[in-house]
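Okay, structure22.txt now, which holds compact mmCIF, N, CA and C atoms and all ligand atoms:
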```txt
# COMPACT_ATOMS: atom_id res chain seq x y z
N MET K 1 0.85 -1.20 0.00
CA MET K 1 0.00 0.00 0.00
C MET K 1 0.88 1.25 0.00
N SER K 2 0.44 2.29 -0.71
CA SER K 2 1.23 3.52 -0.78
C SER K 2 1.28 4.19 0.59
N THR K 3 2.43 4.80 0.88
CA THR K 3 2.56 5.55 2.13
C THR K 3 2.19 7.01 1.92
N GLU K 4 1.74 7.36 0.68
CA GLU K 4 1.51 8.76 0.33
C GLU K 4 0.05 9.17 0.47
N THR K 5 -0.84 8.25 0.92
CA THR K 5 -2.27 8.51 0.88
C THR K 5 -2.70 9.65 1.79
N HIS K 6 -1.92 9.97 2.82
CA HIS K 6 -2.32 11.02 3.75
C HIS K 6 -1.97 12.41 3.23
N LYS K 7 -1.25 12.49 2.14
CA LYS K 7 -0.82 13.80 1.62
C LYS K 7 -1.84 14.32 0.61
N THR K 8 -1.99 15.65 0.57
CA THR K 8 -2.85 16.23 -0.45
C THR K 8 -2.11 16.21 -1.78
N ASN K 9 -2.88 16.39 -2.87
CA ASN K 9 -2.24 16.44 -4.18
C ASN K 9 -1.25 17.60 -4.26
N ALA K 10 -1.60 18.73 -3.63
CA ALA K 10 -0.71 19.89 -3.66
C ALA K 10 0.61 19.57 -2.95
N GLU K 11 0.52 18.86 -1.84
CA GLU K 11 1.73 18.48 -1.12
C GLU K 11 2.57 17.50 -1.95
N LYS K 12 1.89 16.59 -2.59
CA LYS K 12 2.62 15.63 -3.43
C LYS K 12 3.31 16.34 -4.59
N LEU K 13 2.62 17.31 -5.19
CA LEU K 13 3.24 18.04 -6.30
C LEU K 13 4.43 18.88 -5.82
N THR K 14 4.35 19.39 -4.61
CA THR K 14 5.49 20.13 -4.05
C THR K 14 6.69 19.19 -3.90
N GLU K 15 6.43 17.97 -3.46
CA GLU K 15 7.52 16.99 -3.33
C GLU K 15 8.05 16.57 -4.69
N ILE K 16 7.14 16.46 -5.64
CA ILE K 16 7.57 16.13 -7.01
C ILE K 16 8.47 17.25 -7.55
N ASP K 17 8.08 18.49 -7.31
CA ASP K 17 8.90 19.62 -7.76
C ASP K 17 10.28 19.59 -7.11
N ALA K 18 10.33 19.20 -5.84
CA ALA K 18 11.63 19.12 -5.15
C ALA K 18 12.50 18.04 -5.81
N LEU K 19 11.87 16.97 -6.24
CA LEU K 19 12.63 15.92 -6.94
C LEU K 19 13.11 16.43 -8.29
N TYR K 20 12.24 17.16 -8.99
CA TYR K 20 12.65 17.75 -10.28
C TYR K 20 13.91 18.60 -10.10
N SER K 21 13.97 19.34 -8.98
CA SER K 21 15.07 20.29 -8.80
C SER K 21 16.42 19.57 -8.63
N THR K 22 16.40 18.27 -8.41
CA THR K 22 17.66 17.52 -8.26
C THR K 22 18.17 17.01 -9.61
N ILE K 23 17.38 17.24 -10.67
CA ILE K 23 17.77 16.74 -12.00
C ILE K 23 18.58 17.83 -12.71
N PRO K 24 19.79 17.52 -13.16
CA PRO K 24 20.58 18.56 -13.83
C PRO K 24 19.94 18.98 -15.15
N SER K 25 20.01 20.28 -15.45
CA SER K 25 19.42 20.75 -16.71
C SER K 25 20.54 21.01 -17.73
N PHE K 26 20.16 21.11 -18.97
CA PHE K 26 21.13 21.37 -20.05
C PHE K 26 20.40 21.94 -21.24
N LYS K 27 21.15 22.57 -22.11
CA LYS K 27 20.55 23.14 -23.31
C LYS K 27 20.45 22.06 -24.38
N CYS K 28 19.27 22.00 -25.03
CA CYS K 28 19.06 21.01 -26.09
C CYS K 28 19.47 21.56 -27.44
N LYS K 29 19.51 20.69 -28.41
CA LYS K 29 19.72 21.09 -29.80
C LYS K 29 18.56 22.01 -30.20
N PRO K 30 18.84 23.20 -30.72
CA PRO K 30 17.75 24.12 -31.05
C PRO K 30 16.71 23.49 -31.97
N GLY K 31 15.44 23.66 -31.59
CA GLY K 31 14.34 23.17 -32.42
C GLY K 31 14.06 21.69 -32.30
N CYS K 32 14.84 20.98 -31.50
CA CYS K 32 14.68 19.52 -31.41
C CYS K 32 13.56 19.14 -30.45
N ALA K 33 12.79 18.13 -30.83
CA ALA K 33 11.78 17.55 -29.94
C ALA K 33 11.77 16.04 -30.16
N ASP K 34 12.93 15.50 -30.50
CA ASP K 34 12.98 14.09 -30.88
C ASP K 34 12.67 13.13 -29.74
N CYS K 35 12.74 13.59 -28.49
CA CYS K 35 12.42 12.67 -27.39
C CYS K 35 11.03 12.95 -26.82
N CYS K 36 10.20 13.68 -27.57
CA CYS K 36 8.88 14.04 -27.05
C CYS K 36 7.79 13.03 -27.36
N GLY K 37 8.06 11.83 -27.08
CA GLY K 37 6.98 10.88 -27.04
C GLY K 37 7.11 9.70 -27.98
N PRO K 38 6.29 8.65 -27.65
CA PRO K 38 5.38 8.62 -26.51
C PRO K 38 6.14 8.56 -25.19
N ILE K 39 5.57 9.21 -24.17
CA ILE K 39 6.23 9.23 -22.87
C ILE K 39 5.27 8.77 -21.78
N HIS K 40 5.83 8.51 -20.60
CA HIS K 40 5.00 8.10 -19.47
C HIS K 40 4.90 9.24 -18.47
N TYR K 41 3.68 9.56 -18.05
CA TYR K 41 3.46 10.56 -17.01
C TYR K 41 2.80 9.86 -15.83
N SER K 42 3.08 10.36 -14.64
CA SER K 42 2.26 9.93 -13.51
C SER K 42 0.93 10.68 -13.62
N ARG K 43 -0.06 10.21 -12.91
CA ARG K 43 -1.40 10.82 -12.99
C ARG K 43 -1.37 12.30 -12.63
N LEU K 44 -0.72 12.66 -11.51
CA LEU K 44 -0.71 14.07 -11.10
C LEU K 44 0.06 14.94 -12.10
N GLU K 45 1.14 14.41 -12.63
CA GLU K 45 1.91 15.17 -13.63
C GLU K 45 1.05 15.39 -14.88
N PHE K 46 0.33 14.35 -15.29
CA PHE K 46 -0.50 14.48 -16.48
C PHE K 46 -1.58 15.55 -16.29
N TYR K 47 -2.27 15.51 -15.17
CA TYR K 47 -3.35 16.49 -14.95
C TYR K 47 -2.79 17.90 -14.82
N ARG K 48 -1.59 18.03 -14.26
CA ARG K 48 -1.00 19.37 -14.18
C ARG K 48 -0.65 19.87 -15.58
N CYS K 49 -0.19 18.97 -16.41
CA CYS K 49 0.11 19.37 -17.80
C CYS K 49 -1.17 19.77 -18.54
N VAL K 50 -2.25 19.02 -18.33
CA VAL K 50 -3.52 19.37 -18.97
C VAL K 50 -3.91 20.78 -18.57
N LYS K 51 -3.84 21.07 -17.26
CA LYS K 51 -4.21 22.40 -16.77
C LYS K 51 -3.33 23.48 -17.40
N ALA K 52 -2.04 23.22 -17.43
CA ALA K 52 -1.10 24.21 -17.98
C ALA K 52 -1.29 24.41 -19.47
N SER K 53 -1.84 23.40 -20.14
CA SER K 53 -2.01 23.50 -21.60
C SER K 53 -3.17 24.43 -21.97
N GLY K 54 -4.04 24.73 -20.97
CA GLY K 54 -5.18 25.59 -21.25
C GLY K 54 -6.31 24.86 -21.96
N ARG K 55 -6.21 23.55 -22.06
CA ARG K 55 -7.26 22.74 -22.69
C ARG K 55 -7.95 21.89 -21.63
N SER K 56 -9.12 21.38 -21.99
CA SER K 56 -9.81 20.49 -21.06
C SER K 56 -9.25 19.08 -21.22
N LEU K 57 -9.53 18.26 -20.22
CA LEU K 57 -9.10 16.86 -20.30
C LEU K 57 -9.68 16.21 -21.55
N GLN K 58 -10.94 16.51 -21.84
CA GLN K 58 -11.58 15.92 -23.01
C GLN K 58 -10.89 16.35 -24.30
N GLN K 59 -10.49 17.63 -24.37
CA GLN K 59 -9.80 18.11 -25.57
C GLN K 59 -8.46 17.39 -25.76
N VAL K 60 -7.76 17.18 -24.65
CA VAL K 60 -6.47 16.48 -24.75
C VAL K 60 -6.72 15.03 -25.16
N ARG K 61 -7.74 14.40 -24.57
CA ARG K 61 -8.05 13.01 -24.94
C ARG K 61 -8.44 12.91 -26.41
N ASP K 62 -9.22 13.87 -26.86
CA ASP K 62 -9.64 13.87 -28.28
C ASP K 62 -8.42 13.99 -29.19
N GLN K 63 -7.47 14.84 -28.76
CA GLN K 63 -6.27 14.99 -29.60
C GLN K 63 -5.46 13.70 -29.64
N ILE K 64 -5.34 13.04 -28.47
CA ILE K 64 -4.59 11.78 -28.44
C ILE K 64 -5.23 10.77 -29.39
N GLN K 65 -6.56 10.69 -29.35
CA GLN K 65 -7.26 9.75 -30.22
C GLN K 65 -7.03 10.07 -31.70
N LYS K 66 -7.11 11.35 -32.00
CA LYS K 66 -6.91 11.78 -33.39
C LYS K 66 -5.47 11.51 -33.82
N ASP K 67 -4.52 11.82 -32.95
CA ASP K 67 -3.11 11.59 -33.27
C ASP K 67 -2.86 10.10 -33.52
N VAL K 68 -3.38 9.27 -32.62
CA VAL K 68 -3.14 7.83 -32.75
C VAL K 68 -3.73 7.31 -34.06
N SER K 69 -4.91 7.83 -34.43
CA SER K 69 -5.51 7.37 -35.69
C SER K 69 -4.67 7.81 -36.89
N ASN K 70 -3.82 8.81 -36.68
CA ASN K 70 -2.90 9.24 -37.74
C ASN K 70 -1.49 8.68 -37.54
N ASN K 71 -1.39 7.66 -36.68
CA ASN K 71 -0.10 7.04 -36.35
C ASN K 71 0.90 8.05 -35.79
N ASP K 72 0.38 9.02 -35.08
CA ASP K 72 1.24 10.02 -34.43
C ASP K 72 1.20 9.73 -32.94
N TYR K 73 2.29 9.21 -32.42
CA TYR K 73 2.33 8.79 -31.01
C TYR K 73 3.11 9.76 -30.14
N ARG K 74 3.34 10.96 -30.67
CA ARG K 74 4.09 11.94 -29.87
C ARG K 74 3.22 12.47 -28.73
N CYS K 75 3.87 13.14 -27.82
CA CYS K 75 3.20 13.69 -26.64
C CYS K 75 2.12 14.69 -27.06
N PRO K 76 0.95 14.65 -26.43
CA PRO K 76 -0.13 15.58 -26.80
C PRO K 76 0.17 17.04 -26.42
N PHE K 77 1.22 17.25 -25.61
CA PHE K 77 1.56 18.62 -25.22
C PHE K 77 2.65 19.23 -26.11
N LEU K 78 3.05 18.47 -27.11
CA LEU K 78 4.01 19.03 -28.08
C LEU K 78 3.22 19.84 -29.10
N ASN K 79 3.54 21.13 -29.18
CA ASN K 79 2.87 21.99 -30.15
C ASN K 79 3.33 21.56 -31.54
N ARG K 80 2.41 21.03 -32.32
CA ARG K 80 2.76 20.48 -33.64
C ARG K 80 3.21 21.55 -34.63
N LYS K 81 2.81 22.80 -34.38
CA LYS K 81 3.20 23.87 -35.31
C LYS K 81 4.60 24.40 -35.00
N THR K 82 4.89 24.61 -33.71
CA THR K 82 6.19 25.19 -33.34
C THR K 82 7.22 24.11 -32.99
N ASN K 83 6.76 22.88 -32.81
CA ASN K 83 7.62 21.77 -32.36
C ASN K 83 8.23 22.05 -30.98
N GLN K 84 7.48 22.80 -30.16
CA GLN K 84 7.96 23.11 -28.82
C GLN K 84 6.98 22.58 -27.77
N CYS K 85 7.50 22.35 -26.57
CA CYS K 85 6.66 21.90 -25.47
C CYS K 85 5.73 23.04 -25.04
N SER K 86 4.45 22.74 -24.95
CA SER K 86 3.48 23.78 -24.56
C SER K 86 3.32 23.86 -23.04
N VAL K 87 3.97 22.96 -22.32
CA VAL K 87 3.82 22.93 -20.85
C VAL K 87 5.20 22.83 -20.20
N TYR K 88 6.17 23.47 -20.80
CA TYR K 88 7.58 23.27 -20.42
C TYR K 88 7.83 23.43 -18.91
N ALA K 89 7.21 24.46 -18.31
CA ALA K 89 7.49 24.73 -16.88
C ALA K 89 7.05 23.58 -15.98
N VAL K 90 6.08 22.80 -16.43
CA VAL K 90 5.58 21.70 -15.59
C VAL K 90 5.78 20.33 -16.26
N ARG K 91 6.68 20.27 -17.22
CA ARG K 91 6.90 18.99 -17.91
C ARG K 91 7.26 17.90 -16.90
N PRO K 92 6.87 16.66 -17.19
CA PRO K 92 7.06 15.58 -16.22
C PRO K 92 8.52 15.16 -16.01
N ALA K 93 8.71 14.32 -15.03
CA ALA K 93 10.06 13.87 -14.65
C ALA K 93 10.79 13.22 -15.82
N ILE K 94 10.11 12.40 -16.57
CA ILE K 94 10.80 11.67 -17.63
C ILE K 94 11.39 12.62 -18.67
N CYS K 95 10.71 13.74 -18.92
CA CYS K 95 11.22 14.72 -19.88
C CYS K 95 12.47 15.40 -19.34
N ARG K 96 12.51 15.59 -18.04
CA ARG K 96 13.65 16.26 -17.41
C ARG K 96 14.84 15.31 -17.30
N ILE K 97 14.55 14.03 -17.12
CA ILE K 97 15.63 13.05 -16.92
C ILE K 97 16.25 12.62 -18.25
N PHE K 98 15.45 12.67 -19.32
CA PHE K 98 15.98 12.23 -20.60
C PHE K 98 17.24 13.03 -20.94
N GLY K 99 18.30 12.34 -21.27
CA GLY K 99 19.57 13.00 -21.61
C GLY K 99 20.50 13.21 -20.44
N THR K 100 20.01 12.94 -19.23
CA THR K 100 20.86 13.22 -18.06
C THR K 100 21.45 11.97 -17.42
N THR K 101 21.17 10.80 -18.01
CA THR K 101 21.64 9.55 -17.41
C THR K 101 22.02 8.57 -18.52
N GLY K 102 22.95 7.68 -18.18
CA GLY K 102 23.52 6.79 -19.19
C GLY K 102 22.51 5.98 -19.96
N GLU K 103 21.44 5.53 -19.31
CA GLU K 103 20.48 4.67 -20.03
C GLU K 103 19.43 5.46 -20.80
N LEU K 104 19.46 6.79 -20.69
CA LEU K 104 18.53 7.63 -21.48
C LEU K 104 19.34 8.76 -22.14
N ARG K 105 20.32 8.38 -22.92
CA ARG K 105 21.19 9.39 -23.54
C ARG K 105 20.48 10.07 -24.70
N CYS K 106 20.76 11.35 -24.84
CA CYS K 106 20.25 12.09 -25.99
C CYS K 106 20.89 11.54 -27.26
N PRO K 107 20.10 11.23 -28.29
CA PRO K 107 20.68 10.68 -29.51
C PRO K 107 21.57 11.67 -30.25
N HIS K 108 21.48 12.95 -29.87
CA HIS K 108 22.30 13.97 -30.54
C HIS K 108 23.52 14.36 -29.71
N GLY K 109 23.72 13.68 -28.60
CA GLY K 109 24.93 13.92 -27.80
C GLY K 109 24.84 15.11 -26.85
N TYR K 110 23.67 15.69 -26.68
CA TYR K 110 23.53 16.81 -25.72
C TYR K 110 23.40 16.22 -24.31
N ALA K 111 24.04 16.91 -23.35
CA ALA K 111 24.05 16.36 -21.98
C ALA K 111 24.46 17.45 -21.00
N PRO K 112 24.09 17.29 -19.75
CA PRO K 112 24.56 18.24 -18.73
C PRO K 112 26.02 17.94 -18.37
N GLU K 113 26.65 18.89 -17.68
CA GLU K 113 28.04 18.65 -17.25
C GLU K 113 28.10 17.49 -16.28
N ARG K 114 27.11 17.44 -15.39
CA ARG K 114 27.08 16.35 -14.40
C ARG K 114 25.94 15.42 -14.75
N MET K 115 26.27 14.18 -15.09
CA MET K 115 25.23 13.19 -15.40
C MET K 115 24.72 12.55 -14.10
N LEU K 116 23.46 12.14 -14.12
CA LEU K 116 22.92 11.38 -12.99
C LEU K 116 23.34 9.92 -13.14
N SER K 117 23.59 9.26 -12.03
CA SER K 117 23.83 7.82 -12.11
C SER K 117 22.50 7.14 -12.46
N GLU K 118 22.58 5.96 -13.01
CA GLU K 118 21.34 5.24 -13.34
C GLU K 118 20.55 4.95 -12.07
N GLU K 119 21.26 4.70 -10.99
CA GLU K 119 20.60 4.44 -9.71
C GLU K 119 19.80 5.68 -9.27
N SER K 120 20.42 6.86 -9.39
CA SER K 120 19.73 8.09 -8.97
C SER K 120 18.53 8.39 -9.85
N SER K 121 18.70 8.25 -11.16
CA SER K 121 17.58 8.58 -12.06
C SER K 121 16.42 7.62 -11.84
N ARG K 122 16.74 6.36 -11.65
CA ARG K 122 15.67 5.38 -11.39
C ARG K 122 14.97 5.68 -10.06
N ALA K 123 15.73 6.10 -9.06
CA ALA K 123 15.14 6.41 -7.75
C ALA K 123 14.21 7.62 -7.87
N ILE K 124 14.63 8.64 -8.63
CA ILE K 124 13.78 9.83 -8.81
C ILE K 124 12.49 9.43 -9.52
N LEU K 125 12.61 8.67 -10.60
CA LEU K 125 11.41 8.27 -11.35
C LEU K 125 10.48 7.42 -10.48
N ALA K 126 11.05 6.56 -9.67
CA ALA K 126 10.22 5.70 -8.81
C ALA K 126 9.49 6.53 -7.76
N GLN K 127 10.17 7.54 -7.21
CA GLN K 127 9.53 8.38 -6.19
C GLN K 127 8.43 9.24 -6.81
N VAL K 128 8.71 9.78 -8.00
CA VAL K 128 7.68 10.59 -8.68
C VAL K 128 6.48 9.70 -9.03
N LYS K 129 6.76 8.50 -9.48
CA LYS K 129 5.68 7.58 -9.83
C LYS K 129 4.80 7.30 -8.62
N GLU K 130 5.41 7.10 -7.47
CA GLU K 130 4.62 6.81 -6.27
C GLU K 130 3.83 8.05 -5.82
N LEU K 131 4.50 9.21 -5.81
CA LEU K 131 3.82 10.43 -5.38
C LEU K 131 2.69 10.80 -6.33
N GLY K 132 2.94 10.61 -7.63
CA GLY K 132 1.97 11.07 -8.62
C GLY K 132 0.93 10.05 -9.02
N ALA K 133 0.95 8.89 -8.37
CA ALA K 133 0.04 7.80 -8.75
C ALA K 133 -1.42 8.15 -8.54
S1 LIG A 1 17.38 15.68 -25.18
FE1 LIG A 1 18.26 15.43 -27.22
S2 LIG A 1 16.60 14.42 -28.39
FE2 LIG A 1 15.66 15.36 -26.58
S3 LIG A 1 15.01 17.42 -27.23
FE3 LIG A 1 17.06 17.60 -26.32
S4 LIG A 1 18.47 17.51 -28.07
FE4 LIG A 1 16.50 16.66 -28.75
S1 LIG A 2 5.66 17.27 -21.85
FE1 LIG A 2 6.78 18.66 -23.20
S2 LIG A 2 8.94 18.00 -23.05
FE2 LIG A 2 7.66 16.34 -22.28
S3 LIG A 2 7.33 14.97 -24.04
FE3 LIG A 2 5.59 16.41 -23.90
S4 LIG A 2 6.15 18.09 -25.27
FE4 LIG A 2 8.04 16.96 -24.83
```
Translate this structure into structure tokens?
Amino acid sequence: MSTETHKTNAEKLTEIDALYSTIPSFKCKPGCADCCGPIHYSRLEFYRCVKASGRSLQQVRDQIQKDVSNNDYRCPFLNRKTNQCSVYAVRPAICRIFGTTGELRCPHGYAPERMLSEESSRAILAQVKELGA
């Protein structure tokens, strides 16, 4: 059983944000969105992205359905016109971790100065998964 049930969603998101802050950041290849999906979000991360996108849950679901019928499996928060993340400030853990650890290397060779160990990145993802479940 989860040990997180006594926490409010706001408290869980605050803890998720604290975990995000431990992930090293780096500059990507300009205009690149090659790692934008399909990706895995925890439930709380997904709903926060929906809210930040300015669309309703139904609108996002409708887009996913339409995209899948067009064999487009990219993230629904990727702006198809600009090729940029529409929810960058609240993007989920997996988006932040991609490129920062040996088992999720950027295919274009972009990386932070300090890489996360695989153990650390897995621990962060596991904690976010539990908090955001
Ligand atoms: S991590 Fe690499 S693949 Fe992903 S957006 Fe940045 S440059 Fe592109
Ligand atoms: S949330 Fe943003 S960064 Fe993450 S996969 Fe979607 S578009 Fe890319």
Kindly compile the residues surrounding ligand LIG 2 (chain A) within 8 Å, counting only C-alpha atoms and all ligand atoms, and format them as a PyMOL selection string. chain K and resi 33+35-39+49+74-79+84-88+90-92+94-96
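When atom CA of K:Ala52 is paired with atom CA of K:Ala123, their separation reads 26.2 Å.
With only C-alpha atoms and all ligand atoms as the atoms that count, the set of residues no farther than 9 Å from ligand LIG 1 (chain A) is K:Phe26, K:Lys27, K:Cys28, K:Lys29, K:Pro30, K:Gly31, K:Cys32, K:Ala33, K:Asp34, K:Cys35, K:Cys36, K:Cys95, K:Arg96, K:Ile97, K:Phe98, K:Gly99, K:Thr100, K:Leu104, K:Arg105, K:Cys106, K:Pro107, K:His108, K:Gly109, K:Tyr110, K:Ala111.
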Check chain K with DSSP on the backbone and list each residue it calls strand (DSSP E or B), as a tab-separated table (two decimals) with N, CA and C atoms, keeping the file's coordinate frame.
```
chain	number	residue	atom	x	y	z
K	78	LEU	N	3.05	18.47	-27.11
K	78	LEU	CA	4.01	19.03	-28.08
K	78	LEU	C	3.22	19.84	-29.10
K	79	ASN	N	3.54	21.13	-29.18
K	79	ASN	CA	2.87	21.99	-30.15
K	79	ASN	C	3.33	21.56	-31.54
K	84	GLN	N	7.48	22.80	-30.16
K	84	GLN	CA	7.96	23.11	-28.82
K	84	GLN	C	6.98	22.58	-27.77
K	85	CYS	N	7.50	22.35	-26.57
K	85	CYS	CA	6.66	21.90	-25.47
K	85	CYS	C	5.73	23.04	-25.04
K	101	THR	N	21.17	10.80	-18.01
K	101	THR	CA	21.64	9.55	-17.41
K	101	THR	C	22.02	8.57	-18.52
K	116	LEU	N	23.46	12.14	-14.12
K	116	LEU	CA	22.92	11.38	-12.99
K	116	LEU	C	23.34	9.92	-13.14
```
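Straight-line separation from atom C of K:Lys7 to atom CA of K:Gln58: 25.6 Å.
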Between atom CA of K:Gln63 and atom CA of K:Leu44, distance in Å (one decimal): 19.3 Å
Choose the residue, out of K:Gln59, K:Ser25, K:Leu131, K:Asp72, that has the smallest atom-to-atom separation from K:Pro112; count only N, CA and C atoms. K:Ser25
Please return, as JSON, numbers by chain, all residues of chain K that DSSP assigns to helix (DSSP H, G or I) on the basis of the backbone. {"K": [9, 10, 11, 12, 13, 14, 15, 16, 17, 18, 19, 20, 43, 44, 45, 46, 47, 48, 49, 50, 51, 52, 53, 57, 58, 59, 60, 61, 62, 63, 64, 65, 66, 67, 68, 69, 88, 89, 90, 93, 94, 95, 96, 97, 102, 103, 104, 118, 119, 120, 121, 122, 123, 124, 125, 126, 127, 128, 129, 130, 131, 132]}
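Nearest to K:Gln127 of all the residues K:Ala93, K:Arg48, K:Val60, K:Thr8 is K:Ala93, counting only C-alpha atoms.
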Could you work out an axis-aligned box for stretch 118-131 of chain K, taking every atom the file lists and adding 6 Å on each side, and report centre and edge lengths in Å to one decimal, as JSON?
```
{"center_x": 12.6, "center_y": 7.6, "center_z": -9.4, "size_x": 31.9, "size_y": 18.4, "size_z": 20.0}
```
